[in-house]
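Engineer: You'll find input.cif just under this line, and it carries mmCIF, C-alpha atoms and all ligand atoms.
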data_protein
#
loop_
_atom_site.label_atom_id
_atom_site.label_comp_id
_atom_site.auth_asym_id
_atom_site.auth_seq_id
_atom_site.Cartn_x
_atom_site.Cartn_y
_atom_site.Cartn_z
CA MET A 766 17.61 4.49 -25.95
CA THR A 767 14.16 6.06 -25.98
CA ASP A 768 11.75 6.22 -23.11
CA THR A 769 9.40 3.97 -25.06
CA LEU A 770 9.66 0.20 -24.74
CA ILE A 771 7.65 -2.75 -25.97
CA VAL A 772 7.77 -6.27 -24.61
CA LEU A 773 6.62 -8.90 -27.11
CA ASN A 774 5.92 -12.63 -27.45
CA ALA A 775 5.38 -13.56 -23.79
CA THR A 776 4.14 -17.15 -23.46
CA GLU A 777 1.88 -15.84 -20.69
CA LEU A 778 1.44 -12.20 -19.70
CA LEU A 779 -0.07 -12.06 -16.19
CA THR A 780 -1.90 -8.73 -16.05
CA LEU A 781 -4.02 -9.06 -12.88
CA LYS A 782 -6.30 -6.52 -14.49
CA GLY A 783 -9.68 -6.19 -12.89
CA PRO A 784 -11.69 -4.37 -10.25
CA ARG A 785 -9.69 -2.07 -8.00
CA MET A 786 -10.05 -4.02 -4.78
CA ALA A 787 -7.91 -6.45 -2.83
CA ARG A 788 -8.74 -9.90 -4.20
CA VAL A 789 -10.65 -12.46 -2.14
CA ARG A 790 -11.74 -16.08 -2.61
CA GLN A 791 -11.85 -17.18 -6.26
CA GLU A 792 -10.86 -13.69 -7.46
CA MET A 793 -7.36 -14.60 -6.25
CA SER A 794 -7.17 -17.15 -9.09
CA ASP A 795 -8.05 -14.70 -11.85
CA LEU A 796 -4.74 -13.40 -13.20
CA GLY A 797 -6.13 -11.91 -16.42
CA ILE A 798 -3.66 -13.99 -18.45
CA ILE A 799 -2.96 -12.97 -22.05
CA LEU A 800 -1.40 -15.74 -24.16
CA ASP A 801 1.32 -14.54 -26.55
CA GLY A 802 1.14 -11.27 -24.65
CA ALA A 803 2.75 -7.89 -25.08
CA LEU A 804 3.18 -4.70 -23.13
CA ALA A 805 3.89 -1.09 -24.14
CA VAL A 806 5.65 1.39 -21.86
CA GLU A 807 6.21 5.12 -22.09
CA GLY A 808 8.07 7.25 -19.59
CA GLY A 809 8.17 4.39 -17.08
CA VAL A 810 4.39 3.90 -17.18
CA ILE A 811 2.37 1.11 -18.82
CA THR A 812 0.41 2.45 -21.78
CA ALA A 813 -1.10 -0.75 -23.20
CA VAL A 814 -1.33 -4.51 -22.73
CA GLY A 815 -2.65 -7.02 -25.25
CA THR A 816 -1.67 -9.82 -27.55
CA THR A 817 1.59 -9.43 -29.44
CA GLU A 818 -0.39 -9.12 -32.62
CA ALA A 819 -2.61 -6.33 -31.28
CA ILE A 820 0.26 -4.35 -29.77
CA LYS A 821 2.30 -4.63 -32.99
CA ARG A 822 -0.70 -3.40 -34.95
CA GLU A 823 -1.34 -0.51 -32.58
CA PHE A 824 2.24 0.71 -32.17
CA ASP A 825 4.75 1.83 -34.72
CA ALA A 826 7.74 -0.03 -33.31
CA THR A 827 10.37 1.76 -35.39
CA GLY A 828 13.14 3.12 -33.19
CA VAL A 829 11.49 1.74 -30.06
CA ASP A 830 13.37 -0.47 -27.58
CA ARG A 831 12.07 -4.04 -27.72
CA VAL A 832 12.27 -6.88 -25.26
CA ASP A 833 11.72 -10.35 -26.65
CA ALA A 834 9.89 -12.41 -24.02
CA SER A 835 9.67 -15.60 -26.09
CA ARG A 836 9.39 -18.70 -23.87
CA LYS A 837 9.02 -16.42 -20.83
CA VAL A 838 6.29 -15.46 -18.40
CA VAL A 839 5.88 -11.70 -17.92
CA MET A 840 4.36 -10.66 -14.59
CA PRO A 841 4.12 -7.61 -12.30
CA GLY A 842 7.16 -6.94 -10.10
CA LEU A 843 7.01 -8.64 -6.71
CA VAL A 844 5.78 -6.57 -3.78
CA ASP A 845 7.22 -7.56 -0.39
CA PRO A 846 4.97 -5.92 2.23
CA HIS A 847 6.76 -6.93 5.45
CA THR A 848 10.52 -6.77 6.02
CA HIS A 849 13.05 -5.79 8.67
CA LEU A 850 15.72 -5.29 6.02
CA VAL A 851 17.65 -2.53 7.81
CA PHE A 852 19.77 -4.00 10.62
CA ALA A 853 23.40 -4.59 11.54
CA GLY A 854 25.20 -7.83 12.33
CA SER A 855 24.17 -11.47 12.04
CA ARG A 856 22.51 -14.10 14.22
CA GLU A 857 23.79 -17.08 12.33
CA PHE A 858 24.91 -18.62 15.64
CA GLU A 859 21.23 -18.95 16.76
CA ILE A 860 20.70 -21.77 14.26
CA GLU A 861 22.65 -24.19 16.47
CA MET A 862 20.53 -23.20 19.54
CA LYS A 863 17.31 -23.60 17.57
CA VAL A 864 18.07 -27.11 16.38
CA ARG A 865 18.92 -28.03 19.96
CA GLY A 866 15.38 -27.02 20.93
CA LYS A 867 15.67 -23.48 22.29
CA THR A 868 12.65 -21.45 21.18
CA TYR A 869 12.63 -18.02 19.56
CA MET A 870 11.02 -16.44 22.65
CA GLU A 871 13.51 -18.16 25.02
CA ILE A 872 16.45 -16.79 23.02
CA MET A 873 14.88 -13.32 23.14
CA GLN A 874 14.10 -13.48 26.87
CA ASP A 875 17.74 -14.39 27.57
CA GLY A 876 18.84 -11.07 26.05
CA GLY A 877 19.46 -12.49 22.57
CA GLY A 878 17.22 -12.29 19.53
CA ILE A 879 15.92 -8.78 18.82
CA HIS A 880 17.98 -7.45 21.77
CA ARG A 881 21.19 -8.73 20.22
CA THR A 882 20.41 -7.06 16.90
CA MET A 883 19.43 -3.89 18.74
CA ARG A 884 22.91 -3.71 20.31
CA ASP A 885 24.60 -4.27 16.93
CA THR A 886 22.34 -1.71 15.22
CA ARG A 887 22.80 0.99 17.88
CA ALA A 888 26.58 0.52 17.60
CA ALA A 889 26.66 0.78 13.78
CA SER A 890 27.24 4.11 12.03
CA ALA A 891 24.62 5.28 9.55
CA ALA A 892 27.07 4.54 6.72
CA ASP A 893 27.70 1.00 7.92
CA LEU A 894 23.99 0.35 8.46
CA TYR A 895 23.34 1.64 4.95
CA ALA A 896 26.05 -0.55 3.38
CA GLN A 897 24.91 -3.75 5.13
CA SER A 898 21.27 -3.10 4.21
CA ALA A 899 21.97 -2.06 0.60
CA LYS A 900 23.65 -5.42 -0.01
CA ARG A 901 20.46 -7.21 1.03
CA LEU A 902 18.26 -4.86 -0.95
CA ARG A 903 20.26 -5.49 -4.14
CA SER A 904 19.75 -9.20 -3.56
CA MET A 905 15.99 -8.63 -3.15
CA ILE A 906 15.83 -6.73 -6.43
CA ALA A 907 17.72 -9.53 -8.20
CA HIS A 908 15.07 -11.94 -6.87
CA GLY A 909 12.31 -9.81 -8.44
CA THR A 910 11.18 -7.46 -5.68
CA THR A 911 10.30 -4.01 -7.06
CA THR A 912 8.40 -2.60 -4.05
CA VAL A 913 9.34 -3.30 -0.45
CA GLU A 914 8.22 -2.26 3.00
CA ILE A 915 11.04 -1.71 5.52
CA LYS A 916 10.51 -1.42 9.27
CA SER A 917 12.57 0.24 11.95
CA GLY A 918 12.63 -1.59 15.29
CA TYR A 919 16.24 -2.41 16.14
CA GLY A 920 16.99 1.00 17.65
CA LEU A 921 14.36 1.08 20.38
CA ASP A 922 15.51 4.58 21.18
CA ARG A 923 14.55 7.75 19.41
CA THR A 924 17.87 8.47 17.70
CA THR A 925 18.46 4.99 16.30
CA GLU A 926 14.82 4.49 15.23
CA LEU A 927 14.95 7.74 13.25
CA ARG A 928 18.33 6.73 11.78
CA MET A 929 16.89 3.41 10.60
CA LEU A 930 13.96 5.17 8.89
CA GLU A 931 16.39 7.60 7.27
CA VAL A 932 18.50 4.70 5.95
CA ALA A 933 15.35 3.06 4.54
CA ARG A 934 14.36 6.30 2.79
CA LYS A 935 17.83 6.76 1.33
CA LEU A 936 17.89 3.17 0.03
CA GLY A 937 14.64 3.83 -1.83
CA GLY A 938 16.10 6.98 -3.36
CA ASP A 939 19.35 5.31 -4.45
CA LEU A 940 18.22 1.88 -5.71
CA PRO A 941 15.61 0.97 -8.36
CA VAL A 942 12.87 -0.05 -5.91
CA ASP A 943 9.97 1.66 -4.12
CA VAL A 944 10.54 1.62 -0.36
CA VAL A 945 7.65 2.06 2.10
CA PRO A 946 9.07 2.87 5.57
CA THR A 947 7.27 1.69 8.73
CA PHE A 948 7.93 2.83 12.30
CA LEU A 949 8.24 -0.22 14.59
CA GLY A 950 9.57 1.34 17.81
CA ALA A 951 7.32 -1.20 19.57
CA HIS A 952 9.35 -4.22 18.42
CA ALA A 953 10.60 -5.12 21.92
CA VAL A 954 10.97 -3.48 25.31
CA PRO A 955 14.64 -2.43 25.49
CA GLU A 956 16.80 -3.53 28.42
CA GLU A 957 16.81 -0.05 30.00
CA PHE A 958 13.02 -0.34 30.46
CA ARG A 959 13.05 -3.92 31.77
CA GLY A 960 10.38 -4.01 34.50
CA ASP A 961 8.74 -0.84 33.21
CA PRO A 962 7.17 -1.69 29.84
CA ASP A 963 4.53 1.02 30.27
CA GLY A 964 7.34 3.53 30.66
CA TYR A 965 8.60 2.49 27.23
CA VAL A 966 5.08 2.67 25.75
CA ALA A 967 4.82 6.23 27.13
CA LEU A 968 8.15 7.10 25.48
CA ILE A 969 6.88 5.77 22.14
CA VAL A 970 3.59 7.68 22.39
CA ASN A 971 4.93 10.94 23.82
CA GLU A 972 8.31 11.25 22.13
CA MET A 973 9.00 8.79 19.35
CA ILE A 974 5.73 9.08 17.39
CA PRO A 975 5.84 12.91 17.43
CA ALA A 976 9.50 12.75 16.27
CA VAL A 977 8.62 10.30 13.48
CA ARG A 978 5.79 12.57 12.44
CA GLU A 979 8.14 15.54 12.32
CA GLN A 980 10.69 13.57 10.29
CA GLY A 981 7.83 12.83 7.86
CA ILE A 982 9.19 9.62 6.35
CA ALA A 983 7.24 6.69 7.82
CA ARG A 984 3.93 5.77 6.21
CA PHE A 985 2.93 3.02 8.64
CA CYS A 986 3.22 2.20 12.33
CA ASP A 987 3.51 -1.43 13.42
CA VAL A 988 3.60 -3.15 16.86
CA PHE A 989 4.87 -6.61 17.87
CA CYS A 990 1.69 -7.58 19.74
CA GLU A 991 2.71 -10.76 21.58
CA GLN A 992 2.65 -12.38 25.00
CA GLY A 993 5.67 -11.04 26.90
CA VAL A 994 6.22 -8.22 24.38
CA PHE A 995 3.33 -5.73 23.91
CA SER A 996 -0.16 -6.52 25.24
CA ILE A 997 -3.42 -5.80 23.43
CA ALA A 998 -4.00 -2.70 25.60
CA GLN A 999 -0.48 -1.35 24.98
CA THR A 1000 -0.77 -2.07 21.26
CA ARG A 1001 -4.11 -0.25 21.05
CA ARG A 1002 -2.64 2.78 22.82
CA ILE A 1003 0.37 2.97 20.49
CA LEU A 1004 -1.63 2.47 17.30
CA GLN A 1005 -4.25 5.05 18.28
CA ALA A 1006 -1.49 7.60 18.86
CA ALA A 1007 0.08 6.65 15.52
CA ARG A 1008 -3.21 7.09 13.69
CA SER A 1009 -3.67 10.55 15.23
CA ALA A 1010 -0.17 11.38 13.93
CA GLY A 1011 -1.29 10.47 10.39
CA LEU A 1012 0.30 7.01 10.13
CA GLN A 1013 -1.48 3.98 8.70
CA LEU A 1014 -1.59 0.84 10.82
CA LYS A 1015 -0.13 -2.68 10.75
CA LEU A 1016 0.34 -5.31 13.44
CA HIS A 1017 2.54 -8.32 14.10
CA ALA A 1018 -0.47 -10.32 15.26
CA ASP A 1019 -0.78 -13.78 16.83
CA GLU A 1020 2.66 -14.91 15.64
CA VAL A 1021 3.39 -17.19 18.61
CA HIS A 1022 0.29 -17.04 20.86
CA ASP A 1023 -3.36 -16.29 20.11
CA LEU A 1024 -3.40 -12.99 21.98
CA GLY A 1025 -6.17 -11.48 19.85
CA GLY A 1026 -4.03 -9.25 17.63
CA ALA A 1027 -6.05 -10.21 14.56
CA GLY A 1028 -9.22 -9.04 16.32
CA LEU A 1029 -7.57 -5.78 17.30
CA ALA A 1030 -6.51 -5.24 13.67
CA ALA A 1031 -10.17 -5.60 12.67
CA GLU A 1032 -11.33 -3.28 15.46
CA LEU A 1033 -8.86 -0.57 14.41
CA LYS A 1034 -9.36 -1.25 10.69
CA ALA A 1035 -5.63 -1.67 10.23
CA VAL A 1036 -4.45 -1.98 6.63
CA SER A 1037 -2.89 -5.39 7.39
CA ALA A 1038 -2.37 -7.92 10.15
CA ASP A 1039 0.77 -10.00 9.69
CA HIS A 1040 1.98 -13.49 10.73
CA LEU A 1041 -1.31 -14.90 12.17
CA LEU A 1042 0.12 -18.38 12.80
CA ALA A 1043 -2.05 -18.71 15.91
CA ALA A 1044 -5.04 -16.51 14.91
CA SER A 1045 -8.47 -17.84 15.94
CA ASP A 1046 -11.35 -18.60 13.56
CA GLU A 1047 -13.41 -15.86 15.17
CA ASN A 1048 -10.78 -13.20 14.61
CA ILE A 1049 -10.14 -14.37 11.04
CA ALA A 1050 -13.86 -13.78 10.40
CA ARG A 1051 -13.59 -10.30 11.93
CA MET A 1052 -10.65 -9.49 9.65
CA ALA A 1053 -12.70 -10.51 6.60
CA GLN A 1054 -15.55 -8.23 7.69
CA ALA A 1055 -13.23 -5.28 8.25
CA GLY A 1056 -11.32 -5.85 4.97
CA VAL A 1057 -7.94 -6.22 6.71
CA VAL A 1058 -5.29 -7.83 4.48
CA ALA A 1059 -3.58 -10.91 6.00
CA SER A 1060 0.14 -10.71 5.23
CA LEU A 1061 1.41 -14.25 5.69
CA LEU A 1062 5.09 -15.00 6.20
CA PRO A 1063 5.74 -18.69 5.51
CA ALA A 1064 9.53 -18.31 5.63
CA THR A 1065 9.09 -17.38 9.30
CA ALA A 1066 7.08 -20.51 10.11
CA TYR A 1067 9.77 -22.47 8.25
CA SER A 1068 12.57 -20.92 10.26
CA LEU A 1069 10.71 -21.03 13.61
CA ARG A 1070 9.77 -24.61 12.74
CA LYS A 1071 6.10 -23.93 13.58
CA PRO A 1072 2.85 -24.89 11.85
CA TYR A 1073 2.10 -22.56 8.93
CA ALA A 1074 -0.68 -19.95 9.00
CA ARG A 1075 -4.06 -21.32 7.92
CA ALA A 1076 -4.17 -19.67 4.52
CA ARG A 1077 -6.95 -21.89 3.13
CA ARG A 1078 -9.21 -21.04 6.04
CA MET A 1079 -8.53 -17.33 5.51
CA ILE A 1080 -9.20 -17.47 1.77
CA ARG A 1081 -12.39 -19.48 2.33
CA GLY A 1082 -13.48 -16.90 4.92
CA GLY A 1083 -13.03 -13.99 2.50
CA VAL A 1084 -9.79 -12.48 3.86
CA PRO A 1085 -7.52 -10.96 1.18
CA VAL A 1086 -4.23 -12.84 1.56
CA ALA A 1087 -0.79 -11.39 0.76
CA LEU A 1088 2.65 -12.96 1.19
CA ALA A 1089 5.87 -11.36 2.49
CA SER A 1090 9.43 -12.39 3.29
CA ASP A 1091 9.70 -10.91 6.84
CA CYS A 1092 13.41 -10.63 5.95
CA ASN A 1093 15.09 -10.18 9.35
CA PRO A 1094 18.19 -11.48 11.15
CA GLY A 1095 16.32 -13.90 13.42
CA SER A 1096 13.04 -15.50 12.45
CA SER A 1097 13.33 -15.38 8.65
CA TYR A 1098 16.60 -14.50 6.97
CA THR A 1099 15.76 -14.46 3.28
CA GLU A 1100 15.51 -11.86 0.53
CA SER A 1101 13.83 -14.31 -1.82
CA MET A 1102 10.14 -13.92 -2.60
CA PRO A 1103 10.39 -16.92 -4.98
CA PHE A 1104 11.33 -18.99 -1.89
CA VAL A 1105 8.33 -17.55 -0.01
CA PHE A 1106 6.10 -18.35 -2.99
CA GLY A 1107 7.32 -21.96 -3.04
CA LEU A 1108 6.63 -22.42 0.67
CA ALA A 1109 3.14 -20.91 0.32
CA VAL A 1110 2.27 -23.38 -2.43
CA MET A 1111 3.91 -26.48 -1.00
CA GLN A 1112 3.24 -25.93 2.71
CA MET A 1113 0.10 -23.74 2.88
CA ASP A 1114 -1.74 -25.22 -0.09
CA LEU A 1115 -2.13 -22.00 -2.04
CA SER A 1116 -2.52 -22.66 -5.75
CA PRO A 1117 0.17 -21.00 -7.90
CA LEU A 1118 -2.50 -18.58 -9.18
CA GLU A 1119 -3.55 -17.58 -5.65
CA ALA A 1120 0.07 -17.24 -4.55
CA LEU A 1121 0.80 -15.02 -7.56
CA THR A 1122 -1.99 -12.63 -6.54
CA ALA A 1123 -0.66 -12.72 -2.97
CA VAL A 1124 2.85 -11.58 -3.99
CA THR A 1125 1.67 -8.83 -6.35
CA LEU A 1126 -1.73 -7.13 -6.19
CA ASN A 1127 -2.79 -8.13 -2.67
CA ALA A 1128 0.68 -7.28 -1.38
CA ALA A 1129 0.30 -3.85 -3.00
CA TYR A 1130 -3.00 -3.43 -1.11
CA ALA A 1131 -1.19 -4.40 2.11
CA LEU A 1132 0.92 -1.26 1.54
CA SER A 1133 -1.86 1.00 0.20
CA MET A 1134 0.18 1.10 -3.03
CA ALA A 1135 -2.27 -0.59 -5.41
CA GLU A 1136 -2.96 2.64 -7.29
CA ARG A 1137 0.60 2.48 -8.65
CA VAL A 1138 1.92 -1.08 -8.49
CA GLY A 1139 0.83 -4.73 -8.25
CA SER A 1140 -0.71 -5.30 -11.70
CA LEU A 1141 0.08 -4.62 -15.36
CA ASP A 1142 -2.66 -2.08 -15.88
CA PRO A 1143 -2.31 0.94 -18.19
CA GLY A 1144 -1.49 3.95 -16.03
CA LYS A 1145 0.48 1.95 -13.45
CA GLN A 1146 4.26 1.91 -13.11
CA ALA A 1147 6.04 -0.38 -15.57
CA ASP A 1148 7.42 -2.69 -12.87
CA PHE A 1149 7.61 -6.16 -14.39
CA LEU A 1150 9.60 -9.39 -14.45
CA LEU A 1151 10.54 -12.04 -16.96
CA LEU A 1152 10.46 -15.61 -15.67
CA ASP A 1153 12.15 -18.58 -17.28
CA GLY A 1154 9.08 -20.84 -17.30
CA GLU A 1155 5.69 -21.56 -18.82
CA SER A 1156 3.34 -20.42 -16.06
CA PRO A 1157 3.39 -18.94 -12.52
CA ALA A 1158 3.89 -22.48 -11.18
CA ILE A 1159 7.57 -22.16 -12.10
CA LEU A 1160 8.02 -20.06 -8.94
CA ALA A 1161 7.16 -23.12 -6.81
CA TYR A 1162 8.41 -25.81 -9.17
CA HIS A 1163 12.05 -24.74 -9.41
CA ALA A 1164 12.71 -25.11 -5.69
CA GLY A 1165 15.29 -22.89 -4.01
CA VAL A 1166 16.25 -21.28 -7.31
CA SER A 1167 14.93 -18.01 -8.69
CA PRO A 1168 13.40 -18.24 -12.18
CA VAL A 1169 13.51 -14.42 -12.47
CA THR A 1170 15.74 -13.59 -15.44
CA ALA A 1171 15.06 -9.85 -15.78
CA VAL A 1172 13.63 -7.17 -13.49
CA TYR A 1173 12.28 -3.90 -14.87
CA LYS A 1174 11.56 -0.94 -12.60
CA ARG A 1175 9.60 1.96 -14.14
CA GLY A 1176 10.48 0.60 -17.57
CA GLU A 1177 14.23 0.30 -16.96
CA LEU A 1178 16.29 -2.84 -16.46
CA ALA A 1179 17.06 -3.05 -12.73
CA ALA A 1180 18.57 -6.56 -12.61
CA GLY A 1181 19.16 -9.51 -14.88
CA ARG A 1182 19.80 -9.51 -18.59
CA GLU A 1183 18.12 -7.77 -21.54
CA ASP A 1184 18.33 -10.94 -23.55
CA PRO A 1185 18.06 -13.79 -21.09
O1 LIG B 1201 8.49 -10.58 12.32
N1 LIG B 1201 8.34 -11.02 15.55
C1 LIG B 1201 8.98 -10.00 15.59
N2 LIG B 1201 9.78 -9.52 14.67
C2 LIG B 1201 10.37 -10.26 13.63
C3 LIG B 1201 11.60 -10.96 14.09
C4 LIG B 1201 12.68 -10.02 14.40
C5 LIG B 1201 13.95 -10.66 14.89
O2 LIG B 1201 13.95 -11.80 15.37
O3 LIG B 1201 14.97 -9.96 14.80
C6 LIG B 1201 9.36 -11.15 12.98
O4 LIG B 1201 9.38 -12.39 13.07
FE FE B 1202 8.23 -9.14 11.19
#
Output the file's structure as structure tokens, nothing else.
Ligand code: NIG
Ligand code: FE

Structural biologist:
Amino acid sequence: MTDTLIVLNATELLTLKGPRMARVRQEMSDLGIILDGALAVEGGVITAVGTTEAIKREFDATGVDRVDASRKVVMPGLVDPHTHLVFAGSREFEIEMKVRGKTYMEIMQDGGGIHRTMRDTRAASAADLYAQSAKRLRSMIAHGTTTVEIKSGYGLDRTTELRMLEVARKLGGDLPVDVVPTFLGAHAVPEEFRGDPDGYVALIVNEMIPAVREQGIARFCDVFCEQGVFSIAQTRRILQAARSAGLQLKLHADEVHDLGGAGLAAELKAVSADHLLAASDENIARMAQAGVVASLLPATAYSLRKPYARARRMIRGGVPVALASDCNPGSSYTESMPFVFGLAVMQMDLSPLEALTAVTLNAAYALSMAERVGSLDPGKQADFLLLDGESPAILAYHAGVSPVTAVYKRGELAAGREDP
């Protein structure tokens, strides 16, 4: 085993090489495909991409590890820019209520939903929380995810929120995946502040954000900006405090109602606004102007049984679109980005090429990680996948089944088989 590796004979090598910007409009369809492609890696970093012939000519392959990608697609590792992966317990029982017509917000307002998971998460030890979350993260990696954002938000008190962020950090250190931790103390108003939401906002601003800053782990701050959860004014207050503490900004925006979260994301120049099922045309245009990435979560619309976000409208309007799993115990319980990809193509009318950009390079921009991941560019991390198919369309075509046969993280096999 050397730290040099070459991957040869890929039917299609999807590089996504190009200008260093989040992709918009027709740029989302330009995957920089190399037919009969190859890739060279040294010390976990990509050193060259080209045709198999060119790479063989350029590199003396004696004594170098080789991966034969014949009859395979080689693509960048999947980036999942919105998850609530760290939590305890299960809400499997909510499925029965949902099919009987109870809505997500009704379940939450009756003390279930996020509140139920909060109780389970507060009660779990750090070790138990870690074990339950690690199981899900291993499943994500097996489905091709090599970079993942993980939010807190089921503690809703200082101690448990910090514990969740610590678990997320430790997972990233222990498993072959980059973890980007996000502070989401503003996920719901906990029961002890019922009737005093501004009291909880003050706690977030005056105590939790300074504590998160001191802990130094979180890179982003997010808020569930929604009718009956956090208003536009409360969200603005929290995000401004977070920015002053050095955190980058994200929002759960217009998931259920058109409250104007997408417009606020543009006003604050947040890195991304997520969900957007109910976002207005006007605020979509403002996002495009401000360069805010739209992180769309079709598995959530599927599970909430709501109309999907208007991805075509966003792409036409010049918004860079990314896709994420939203993996959480309530509104979207899946670790599978191939499932998300399939929904985006079949239900939101993204072409497979656009969807591929949305789960790699644009998702990396949604995490401010595009300098290191999201495309197969020399100098970037050697995070790549082998797919059992002929083109990116395989990710939508083979429904409910992952075509990912091997996952490489920084040039090392993280899941799957060497010789699939
Ligand atoms: O992104 N909308 C708020 N948060 C999550 C759901 C969390 C939960 O239901 O536990 C979401 O959909
Ligand atoms: Fe979410």

Engineer: For ligand LIG 1201 (chain B), list the contacting residues at 10 Å or closer, counting only C-alpha atoms and all ligand atoms, as an NGL selection string.

Structural biologist: :A and (847-850 or 852 or 855-856 or 869-870 or 872-873 or 877-883 or 916 or 918-919 or 949 or 951-953 or 988-991 or 994 or 1016-1021 or 1039-1040 or 1062 or 1064-1066 or 1068-1069 or 1090-1098)

Engineer: Take the residues just selected and output them with C-alpha atoms as an mmCIF file, keeping the file's coordinate frame.

Structural biologist:
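So result.cif came out as:
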data_model
loop_
_atom_site.group_PDB
_atom_site.id
_atom_site.type_symbol
_atom_site.label_atom_id
_atom_site.label_comp_id
_atom_site.auth_asym_id
_atom_site.auth_seq_id
_atom_site.Cartn_x
_atom_site.Cartn_y
_atom_site.Cartn_z
ATOM 1 C CA HIS A 847 6.760 -6.930 5.450
ATOM 2 C CA THR A 848 10.520 -6.770 6.020
ATOM 3 C CA HIS A 849 13.050 -5.790 8.670
ATOM 4 C CA LEU A 850 15.720 -5.290 6.020
ATOM 5 C CA PHE A 852 19.770 -4.000 10.620
ATOM 6 C CA SER A 855 24.170 -11.470 12.040
ATOM 7 C CA ARG A 856 22.510 -14.100 14.220
ATOM 8 C CA TYR A 869 12.630 -18.020 19.560
ATOM 9 C CA MET A 870 11.020 -16.440 22.650
ATOM 10 C CA ILE A 872 16.450 -16.790 23.020
ATOM 11 C CA MET A 873 14.880 -13.320 23.140
ATOM 12 C CA GLY A 877 19.460 -12.490 22.570
ATOM 13 C CA GLY A 878 17.220 -12.290 19.530
ATOM 14 C CA ILE A 879 15.920 -8.780 18.820
ATOM 15 C CA HIS A 880 17.980 -7.450 21.770
ATOM 16 C CA ARG A 881 21.190 -8.730 20.220
ATOM 17 C CA THR A 882 20.410 -7.060 16.900
ATOM 18 C CA MET A 883 19.430 -3.890 18.740
ATOM 19 C CA LYS A 916 10.510 -1.420 9.270
ATOM 20 C CA GLY A 918 12.630 -1.590 15.290
ATOM 21 C CA TYR A 919 16.240 -2.410 16.140
ATOM 22 C CA LEU A 949 8.240 -0.220 14.590
ATOM 23 C CA ALA A 951 7.320 -1.200 19.570
ATOM 24 C CA HIS A 952 9.350 -4.220 18.420
ATOM 25 C CA ALA A 953 10.600 -5.120 21.920
ATOM 26 C CA VAL A 988 3.600 -3.150 16.860
ATOM 27 C CA PHE A 989 4.870 -6.610 17.870
ATOM 28 C CA CYS A 990 1.690 -7.580 19.740
ATOM 29 C CA GLU A 991 2.710 -10.760 21.580
ATOM 30 C CA VAL A 994 6.220 -8.220 24.380
ATOM 31 C CA LEU A 1016 0.340 -5.310 13.440
ATOM 32 C CA HIS A 1017 2.540 -8.320 14.100
ATOM 33 C CA ALA A 1018 -0.470 -10.320 15.260
ATOM 34 C CA ASP A 1019 -0.780 -13.780 16.830
ATOM 35 C CA GLU A 1020 2.660 -14.910 15.640
ATOM 36 C CA VAL A 1021 3.390 -17.190 18.610
ATOM 37 C CA ASP A 1039 0.770 -10.000 9.690
ATOM 38 C CA HIS A 1040 1.980 -13.490 10.730
ATOM 39 C CA LEU A 1062 5.090 -15.000 6.200
ATOM 40 C CA ALA A 1064 9.530 -18.310 5.630
ATOM 41 C CA THR A 1065 9.090 -17.380 9.300
ATOM 42 C CA ALA A 1066 7.080 -20.510 10.110
ATOM 43 C CA SER A 1068 12.570 -20.920 10.260
ATOM 44 C CA LEU A 1069 10.710 -21.030 13.610
ATOM 45 C CA SER A 1090 9.430 -12.390 3.290
ATOM 46 C CA ASP A 1091 9.700 -10.910 6.840
ATOM 47 C CA CYS A 1092 13.410 -10.630 5.950
ATOM 48 C CA ASN A 1093 15.090 -10.180 9.350
ATOM 49 C CA PRO A 1094 18.190 -11.480 11.150
ATOM 50 C CA GLY A 1095 16.320 -13.900 13.420
ATOM 51 C CA SER A 1096 13.040 -15.500 12.450
ATOM 52 C CA SER A 1097 13.330 -15.380 8.650
ATOM 53 C CA TYR A 1098 16.600 -14.500 6.970
#

Engineer: If I take CA of Ala826 in chain A and CA of Gln1146 in chain A, how far is one from the other in Å, to one decimal?

Structural biologist: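 Going from CA of Ala826 in chain A over to CA of Gln1146 in chain A covers 20.6 Å.
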
Engineer: Give the answer as one residue: which of A:Ala803, A:Ala1087, A:Ala1109, A:Leu1118 has the shortest atom-to-atom distance to Ser835 in chain A, using all atoms listed in the file?

Structural biologist: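 Comparing A:Ala803, A:Ala1087, A:Ala1109, A:Leu1118 against Ser835 in chain A, the winner is A:Ala803.
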
Engineer: If I put a ball of radius 12 Å at (-1.4, -11.8, 12.3) in the file's coordinates, which residues poke into it when counting all atoms listed in the file, written as a PyMOL selection string?

Structural biologist: chain A and resi 847+987-991+1015-1031+1035-1045+1048-1049+1052+1057-1062+1073-1076+1079+1084+1086-1088

Engineer: What is the distance, in Å and to one decimal place, between CA of Thr947 in chain A and CA of Ala1123 in chain A?

Structural biologist: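 CA of Ala1123 in chain A lies 20.2 Å from CA of Thr947 in chain A.
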
Engineer: Which is closer to ligand FE 1202 (chain B) than all the others in A:Ala1171, A:Ala1055, A:Met1134, A:Ile915, using all atoms listed in the file?

Structural biologist: A:Ile915

Engineer: Could you work out how far CA of Asp830 in chain A lies from CA of Ser1101 in chain A, giving the answer in Å with one decimal?

Structural biologist: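 Computing it gives 29.2 Å between the two atoms.
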
Engineer: If you count only C-alpha atoms, which residues fall within 9 Å of Ala967 in chain A, apart from same-chain ones fewer than 5 positions away, as a PyMOL selection string?

Structural biologist: chain A and resi 962+972+1003

Engineer: Give me a file of those residues, with C-alpha atoms, as a PDB file, in the frame of the given file.

Structural biologist:
ATOM      1  CA  PRO A 962       7.170  -1.690  29.840  1.00  0.00           C
ATOM      2  CA  GLU A 972       8.310  11.250  22.130  1.00  0.00           C
ATOM      3  CA  ILE A1003       0.370   2.970  20.490  1.00  0.00           C
TER       4      ILE A1003
END
